[in-house]
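Okay, so here's the structure we're looking at.
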Amino acid sequence: MNIGIIGSGNVGRTLGELWAKAGHQVMFSFSRHPQRLQTLAKQIGSNATSGTPAEAANFADVVLFAPNFWLVQEAIAQTGSLAGKIVIDTTNPYRWGENGGIVRMVSEAVSGAETIQKLMPRARLVKAYSSFQPKTLQQSIERPLEQRLAVAIASDDEAAKAIVAQLVKDGGGRPFDLGALQNARLMEIPGVFSSSDTLTLDAAFKQRQQVLGY
Ligand SMILES: NC(=O)c1ccc[n+]([C@@H]2O[C@H](COP(=O)([O-])OP(=O)(O)OC[C@H]3O[C@@H](n4cnc5c(N)ncnc54)[C@H](OP(=O)(O)O)[C@@H]3O)[C@@H](O)[C@H]2O)c1
């Protein structure tokens, strides 16, 4: 599968490398230093390239959308249309405050994912990967299947969710379904699944039963 990565920091870089190792083609984009992304792609090997956000979207069967939340509009402006594309939103809707804490950038009543869906209304949005540090995935893929990290997925598009579930497996995680996109708030800070660095699938199912009743 061709995966275009928009936002190639901790999250984008880690997932891009894992997916390239699993045999997917990845294109890194969205940086103030395009040379850094060229070097990154070269280090990973023949399954990785770099380009502009528009090139990454054009190349992609699936887009990994991983900019900082305060750069979401700029990233979308540089990308252009994402109509019809499966887009995995990894963002948490926060910026850094002056005292070093985090400041929420959308109202408590709405998730970051729903806010992003409004900014790319025809994208097939899937929320995932916002609830743990990316390095935990690098550790997860080294472990036996039953000990691997549980990765929540929420979307209103069931077919898109199935494709992302396979990508989660390819990247060393174990997908579990959190239902519709409005449930994305459960995996964004401060949701009950927002700090899931050690979450196994058994624990995820128990917690989902308590929160969603299934
Ligand atoms: N890190 C985590 O533990 C974690 C976990 C789950 C979800 N998330 C979410 O996933 C998203 C990505 O997080 P991240 O940790 O990967 O972020 P990050 O490491 O800060 O990466 C963001 C990238 O954006 C690029 N960028 C492009 N234009 C920029 C500009 N004008 N100003 C600043 N940076 C610019 C930077 O690349 P250059 O420096 O090359 O310009 C940077 O590498 C965020 O929304 C975050 O909330 C993070």
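By convention here, the chains of the structure tokens are called A, B, ... in the order presented, each chain's residues are numbered starting at 1, and ligands are numbered starting at 1 in the order presented.
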### Query
range 138-140 of chain A: which residues within 9 Å, counting only C-alpha atoms, same-chain residues fewer than 4 positions away excluded, as a PyMOL selection string?
chain A and resi 14-15+18+134+144-145+147-149+171-173
Output for the residues just chosen: C-alpha atoms as a PDB file, in the first residue's frame:
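Written out: part04.pdb:
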```pdb
ATOM      1  CA  THR A  14       8.059   6.002  13.686  1.00  0.00           C
ATOM      2  CA  LEU A  15       5.004   4.709  11.838  1.00  0.00           C
ATOM      3  CA  LEU A  18       7.499   0.427  10.753  1.00  0.00           C
ATOM      4  CA  PRO A 134       5.206   6.182  19.320  1.00  0.00           C
ATOM      5  CA  PRO A 144       4.777 -12.099  20.928  1.00  0.00           C
ATOM      6  CA  LEU A 145       1.351 -11.295  19.477  1.00  0.00           C
ATOM      7  CA  GLN A 147       1.670  -9.066  24.462  1.00  0.00           C
ATOM      8  CA  ARG A 148       1.505  -6.434  21.738  1.00  0.00           C
ATOM      9  CA  LEU A 149       0.032  -2.964  22.212  1.00  0.00           C
ATOM     10  CA  GLY A 171       2.932  -1.816  12.389  1.00  0.00           C
ATOM     11  CA  GLY A 172       3.146  -4.082  15.442  1.00  0.00           C
ATOM     12  CA  GLY A 173      -0.142  -3.219  17.194  1.00  0.00           C
TER      13      GLY A 173
END
```
Output as a tab-separated table one row per residue of chain A within 8 Å of ligand 1: the closest atom pair and its distance in Å to one decimal place, counting only C-alpha atoms and all ligand atoms, sorted by chain and residue number ascending.
```
residue	atom	partner	partner_atom_place_in_ligand_line	distance
A:Gly7	CA	ligand 1	24 (O)	4.8
A:Ser8	CA	ligand 1	43 (O)	5.1
A:Gly9	CA	ligand 1	21 (O)	3.2
A:Asn10	CA	ligand 1	16 (O)	3.6
A:Val11	CA	ligand 1	16 (O)	3.8
A:Gly12	CA	ligand 1	16 (O)	5.6
A:Arg13	CA	ligand 1	16 (O)	7.4
A:Phe30	CA	ligand 1	27 (C)	4.9
A:Ser31	CA	ligand 1	41 (O)	3.7
A:Arg32	CA	ligand 1	41 (O)	3.6
A:His33	CA	ligand 1	40 (O)	4.8
A:Pro34	CA	ligand 1	40 (O)	6.9
A:Arg36	CA	ligand 1	40 (O)	6.3
A:Leu37	CA	ligand 1	40 (O)	7.2
A:Phe65	CA	ligand 1	11 (C)	7.8
A:Ala66	CA	ligand 1	11 (C)	4.3
A:Pro67	CA	ligand 1	12 (C)	4.7
A:Asn68	CA	ligand 1	45 (O)	3.7
A:Phe69	CA	ligand 1	45 (O)	4.7
A:Leu71	CA	ligand 1	30 (C)	6.7
A:Glu74	CA	ligand 1	31 (N)	8.0
A:Ala75	CA	ligand 1	28 (N)	7.6
A:Thr90	CA	ligand 1	10 (O)	4.8
A:Thr91	CA	ligand 1	45 (O)	3.3
A:Asn92	CA	ligand 1	47 (O)	3.8
A:Pro93	CA	ligand 1	47 (O)	6.5
A:Tyr94	CA	ligand 1	47 (O)	6.5
A:Tyr129	CA	ligand 1	6 (C)	5.7
A:Ser130	CA	ligand 1	7 (C)	3.7
A:Ser131	CA	ligand 1	6 (C)	5.3
A:Phe132	CA	ligand 1	5 (C)	5.1
A:Gln133	CA	ligand 1	3 (O)	3.7
A:Pro134	CA	ligand 1	3 (O)	5.7
```
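Nearest residue to Val110 in chain A among A:Gln182, A:Gln209, A:Thr198, A:Gln38 is A:Gln182, counting only C-alpha atoms.
Closest approach to Val62 in chain A among A:Ile3, A:Ile141, A:Leu186, A:Ala77 is made by A:Ile3 (distances from only C-alpha atoms).
Between CA of Phe28 in chain A and CA of Ala48 in chain A the interatomic distance comes to 7.6 Å.
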#### Entry: Picked from chain A by DSSP as helix (DSSP H, G or I), as number ranges by chain
A: 10-21, 34-44, 53-59, 69-79, 112-119, 135-140, 145-147, 158-170, 181-186, 201-212
### Message
as number ranges by chain, please: the residues near Ala159 in chain A (cut-off 12 Å, only C-alpha atoms, same-chain neighbours under 3 positions excluded).
### Response
A: 85-86, 124-126, 154-156, 162-166
### Message
Just want the 10 Å neighbourhood of His24 in chain A, counted on only C-alpha atoms, with same-chain residues fewer than 6 positions away dropped. Output as a list in words.
### Response
Met1, Asn2, Ile3, Gly16, Glu17, Leu18, Asn47, Ala48, Leu167 and Asp170 of chain A
#### Entry: Separation of CA of Val87 in chain A from CA of Ile44 in chain A in Å
22.7 Å
### Query
DSSP says strand (DSSP E) for which residues of range 37-137 of chain A? Put them as a PyMOL selection string?
chain A and resi 48-50+62-65+86-89+94-96+102-104+124-128
### Task
Would you please work out which residue, of A:Arg95, A:Arg185, A:Lys206, A:Arg174, is nearest to Leu137 in chain A when using only C-alpha atoms?
A:Arg174
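Proximity to Val168 in chain A was assessed for A:Leu64, A:Ala203, A:Gln210, A:Thr39 counting only C-alpha atoms; the smallest distance is recorded for A:Leu64.
Take CA of Ala54 in chain A and CA of Ala184 in chain A: the distance between them is 26.0 Å.
Minimum atom-to-atom distances from A:Val26, A:Ala56, A:Phe193, A:Trp70 to Lys42 in chain A were compared using only C-alpha atoms, and the lowest value belongs to A:Val26.
When only C-alpha atoms are used to measure the gap to Ala109 in chain A, the shortest distance among A:Ala20, A:Pro53, A:Asn183, A:Ala204 belongs to A:Asn183.
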